[in-house]
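A quick write-up on the structure given underneath.
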Amino acid sequence: MAQSRAHQNSAPRESTPPLTRESAERLLPPGLEVAAPLLEALSGRLDRYLHMLLAWNRAINLTGGRTRADILVRLIPDSFELAAFLESAPLAQIPAMTGAPRVWDLGAGAGLPGIPLRMVWDRGDYTLVEPREKRALFLANALAQLDLPRTTVFRGTAEALFAHEPHGADIILSRAFMPWEKLLPFCEPGLAPGGLVIIFALEAGGEIPAPWRLCAEWAYSVGENRRWFWALRNGEAARA
């Protein structure tokens, strides 16, 4: 089953005043329900994250976004759209999504989409996986300031995490870790039985190699750009 929706995101113009609750809420996709405590803290957390990201970005080139407005318009919407996808009806029917899923975010880098995602979606345990020392240090500092629930940093390679946590993850996601055709077999050793790989894409998907199958997809727009999330599952592993 697939869901498709065009959503034009807007953001406040570049300015020094902090985000208001109203301006932060305007970044959320229509229909996304956010718990009241998270919603109340959203504008403050998002402000602190943007401040840190821009300050660190000048030294270690975390992201291509160079201004608050650019990051809010081009990058933050992916995180909030991912939250909506994770709460969508097709994914709710998949066992890996029930309860408190273990989520591993490979190549977390600047914390996109993971850190803004956790500001509005706090289910389960979320691990930002980053092997590069300076980026892992940024992530750890950001989490210390933002106090995001059950969100941690693993400083090391994905292979090291797979070996360290043999129970595997219910969800592995990647924004730009490696091409998705290579990502699927790479993730197999790290997935719990029936687990999902969620892929961020800038173009419509091609043929999915067996035994993987598409469980759900989410299409949306940021400005004039079309983007997708796909949730894929190994059919053979799901039956094991």
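By order of appearance in the structure tokens: chains A, B, ..., then residues from 1 within every chain, and ligands from 1 in the order shown.
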
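Residues in contact range of stretch 203-207 of chain A, defined as at most 9 Å between only C-alpha atoms, with sequence neighbours fewer than 3 positions away removed, read A:Arg226, A:Arg227, A:Trp228, A:Trp230.
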
Discussion item. Residues within 7 Å of stretch 137-154 of chain A, please, as an MDAnalysis selection string. Count only C-alpha atoms; anything in the same chain fewer than 2 positions from it doesn't count.
Written reply: chainID A and resid 45 49 110:111 118:119 122 125:130 133:135 156

Item to complete: Enumerate, as number ranges by chain, the complete set of residues in stretch 12-238 of chain A that a backbone-based DSSP assignment places in alpha helix (DSSP H).
Response: A: 21-25, 36-60, 68-74, 76-86, 89-92, 114-120, 133-146, 158-164, 180-187, 235-238

Output the selection as a compact mmCIF listing (two decimals), in the first residue's frame - C-alpha atoms for each residue.
```
# COMPACT_ATOMS: atom_id res chain seq x y z
CA ARG A 21 5.44 27.97 18.70
CA GLU A 22 3.19 28.94 15.79
CA SER A 23 6.05 29.24 13.28
CA ALA A 24 7.46 25.88 14.39
CA GLU A 25 4.08 24.20 14.08
CA ALA A 36 1.65 17.83 23.81
CA PRO A 37 4.97 17.88 25.74
CA LEU A 38 6.93 17.50 22.49
CA LEU A 39 4.89 20.18 20.77
CA GLU A 40 5.45 22.62 23.63
CA ALA A 41 9.22 22.05 23.50
CA LEU A 42 9.51 22.04 19.70
CA SER A 43 10.30 25.69 18.98
CA GLY A 44 12.94 25.92 21.71
CA ARG A 45 14.62 22.65 20.73
CA LEU A 46 14.58 23.53 17.05
CA ASP A 47 16.10 26.94 17.78
CA ARG A 48 18.92 25.45 19.85
CA TYR A 49 19.63 22.83 17.20
CA LEU A 50 19.79 25.42 14.41
CA HIS A 51 22.12 27.60 16.47
CA MET A 52 24.47 24.69 17.14
CA LEU A 53 24.32 23.40 13.57
CA LEU A 54 25.23 26.75 12.05
CA ALA A 55 28.01 27.38 14.56
CA TRP A 56 29.62 23.96 14.06
CA ASN A 57 29.01 24.03 10.32
CA ARG A 58 31.51 26.85 9.90
CA ALA A 59 34.25 24.61 11.29
CA ILE A 60 33.49 21.08 10.07
CA ARG A 68 18.54 29.26 9.27
CA ALA A 69 16.02 29.87 6.51
CA ASP A 70 17.75 27.49 4.11
CA ILE A 71 17.88 24.69 6.67
CA LEU A 72 14.27 25.25 7.73
CA VAL A 73 12.98 25.28 4.15
CA ARG A 74 15.12 22.58 2.51
CA ILE A 76 13.97 20.15 8.31
CA PRO A 77 10.80 19.16 6.36
CA ASP A 78 12.30 15.72 5.62
CA SER A 79 12.44 14.97 9.35
CA PHE A 80 8.84 15.93 9.97
CA GLU A 81 7.60 14.11 6.86
CA LEU A 82 9.44 11.02 8.09
CA ALA A 83 7.57 11.30 11.39
CA ALA A 84 4.29 11.37 9.48
CA PHE A 85 5.36 8.33 7.46
CA LEU A 86 6.33 6.39 10.58
CA ALA A 89 -1.54 3.46 8.51
CA PRO A 90 0.43 1.11 6.21
CA LEU A 91 3.42 1.04 8.58
CA ALA A 92 1.23 0.66 11.66
CA GLY A 114 17.20 12.05 13.09
CA ILE A 115 17.46 14.95 15.54
CA PRO A 116 14.45 17.00 14.33
CA LEU A 117 12.56 13.71 13.91
CA ARG A 118 13.01 12.92 17.60
CA MET A 119 11.63 16.33 18.51
CA VAL A 120 8.21 15.19 17.25
CA GLU A 133 34.81 11.69 15.35
CA LYS A 134 34.00 15.39 14.91
CA ARG A 135 30.50 14.70 13.64
CA ALA A 136 29.85 12.22 16.43
CA LEU A 137 31.03 14.89 18.90
CA PHE A 138 28.58 17.38 17.39
CA LEU A 139 25.75 14.87 17.72
CA ALA A 140 26.62 14.13 21.35
CA ASN A 141 26.74 17.84 22.18
CA ALA A 142 23.42 18.45 20.44
CA LEU A 143 21.72 15.64 22.33
CA ALA A 144 23.13 16.94 25.62
CA GLN A 145 21.53 20.34 24.99
CA LEU A 146 18.25 19.11 23.53
CA ALA A 158 27.64 0.44 11.14
CA GLU A 159 29.45 -2.91 10.98
CA ALA A 160 30.73 -2.38 14.52
CA LEU A 161 27.20 -1.62 15.74
CA PHE A 162 25.85 -4.75 14.04
CA ALA A 163 28.46 -6.83 15.87
CA HIS A 164 27.90 -5.03 19.18
CA TRP A 180 19.96 2.03 -1.82
CA GLU A 181 20.71 -0.94 -4.07
CA LYS A 182 23.87 -1.52 -2.00
CA LEU A 183 22.25 -0.53 1.28
CA LEU A 184 19.75 -3.39 1.29
CA PRO A 185 22.24 -6.29 1.45
CA PHE A 186 24.50 -4.21 3.70
CA CYS A 187 21.73 -3.84 6.30
CA GLY A 235 10.46 -11.27 2.47
CA GLU A 236 12.50 -14.35 3.32
CA ALA A 237 13.62 -12.96 6.69
CA ALA A 238 10.04 -11.96 7.51
```

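If only C-alpha atoms are the atoms counted, then among A:Leu19, A:Ala210, A:Cys215, A:Leu112 the closest residue to A:Leu196 is A:Cys215.
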
Worksheet item: Tell me, which residues of stretch 88-128 of chain A carry DSSP strand (DSSP E), written as a list of chain:residue names?
Response: A:Arg102, A:Val103, A:Trp104, A:Asp105, A:Leu106, A:Asp125, A:Tyr126, A:Thr127, A:Leu128

Would you save the residues of that selection, restricted to N, CA and C atoms, as a CSV table (one decimal), in the first residue's frame?
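The resulting result_21.csv:
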```csv
chain,number,residue,atom,x,y,z
A,102,ARG,N,13.3,-0.4,17.9
A,102,ARG,CA,14.7,0.0,17.9
A,102,ARG,C,15.1,0.6,16.5
A,103,VAL,N,15.6,1.8,16.5
A,103,VAL,CA,15.8,2.5,15.2
A,103,VAL,C,17.3,2.8,15.2
A,104,TRP,N,18.0,2.5,14.1
A,104,TRP,CA,19.4,2.8,13.8
A,104,TRP,C,19.4,3.7,12.6
A,105,ASP,N,20.1,4.9,12.8
A,105,ASP,CA,20.2,5.9,11.7
A,105,ASP,C,21.6,5.9,11.3
A,106,LEU,N,21.9,5.3,10.1
A,106,LEU,CA,23.3,5.1,9.6
A,106,LEU,C,23.8,6.4,9.0
A,125,ASP,N,13.7,3.4,20.8
A,125,ASP,CA,15.1,3.8,21.1
A,125,ASP,C,15.7,4.1,19.8
A,126,TYR,N,16.3,5.3,19.7
A,126,TYR,CA,16.9,5.8,18.4
A,126,TYR,C,18.4,6.0,18.6
A,127,THR,N,19.1,5.4,17.7
A,127,THR,CA,20.6,5.5,17.7
A,127,THR,C,21.1,6.2,16.5
A,128,LEU,N,21.8,7.3,16.7
A,128,LEU,CA,22.5,8.0,15.6
A,128,LEU,C,23.9,7.4,15.4
```

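Going from atom CA of A:Val34 to atom CA of A:Leu75 covers 19.4 Å.
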
Practice prompt. Quote the spacing between atom CA of A:Leu28 and atom CA of A:Trp218 in Å to one decimal place.
Written response: 15.1 Å

Worksheet entry | Gap from atom CA of A:Phe177 to atom CA of A:Ser88 - Å, one decimal | 24.3 Å

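Minimum distance to A:Ala100 across A:Arg155, A:Arg132, A:Arg175, A:Arg123 (counting only C-alpha atoms) occurs at A:Arg123.
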
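Take the candidates A:Pro166, A:Ala176, A:Glu188, A:Leu32 and check each one against A:Ala201 using only C-alpha atoms; the shortest distance goes to A:Ala176.
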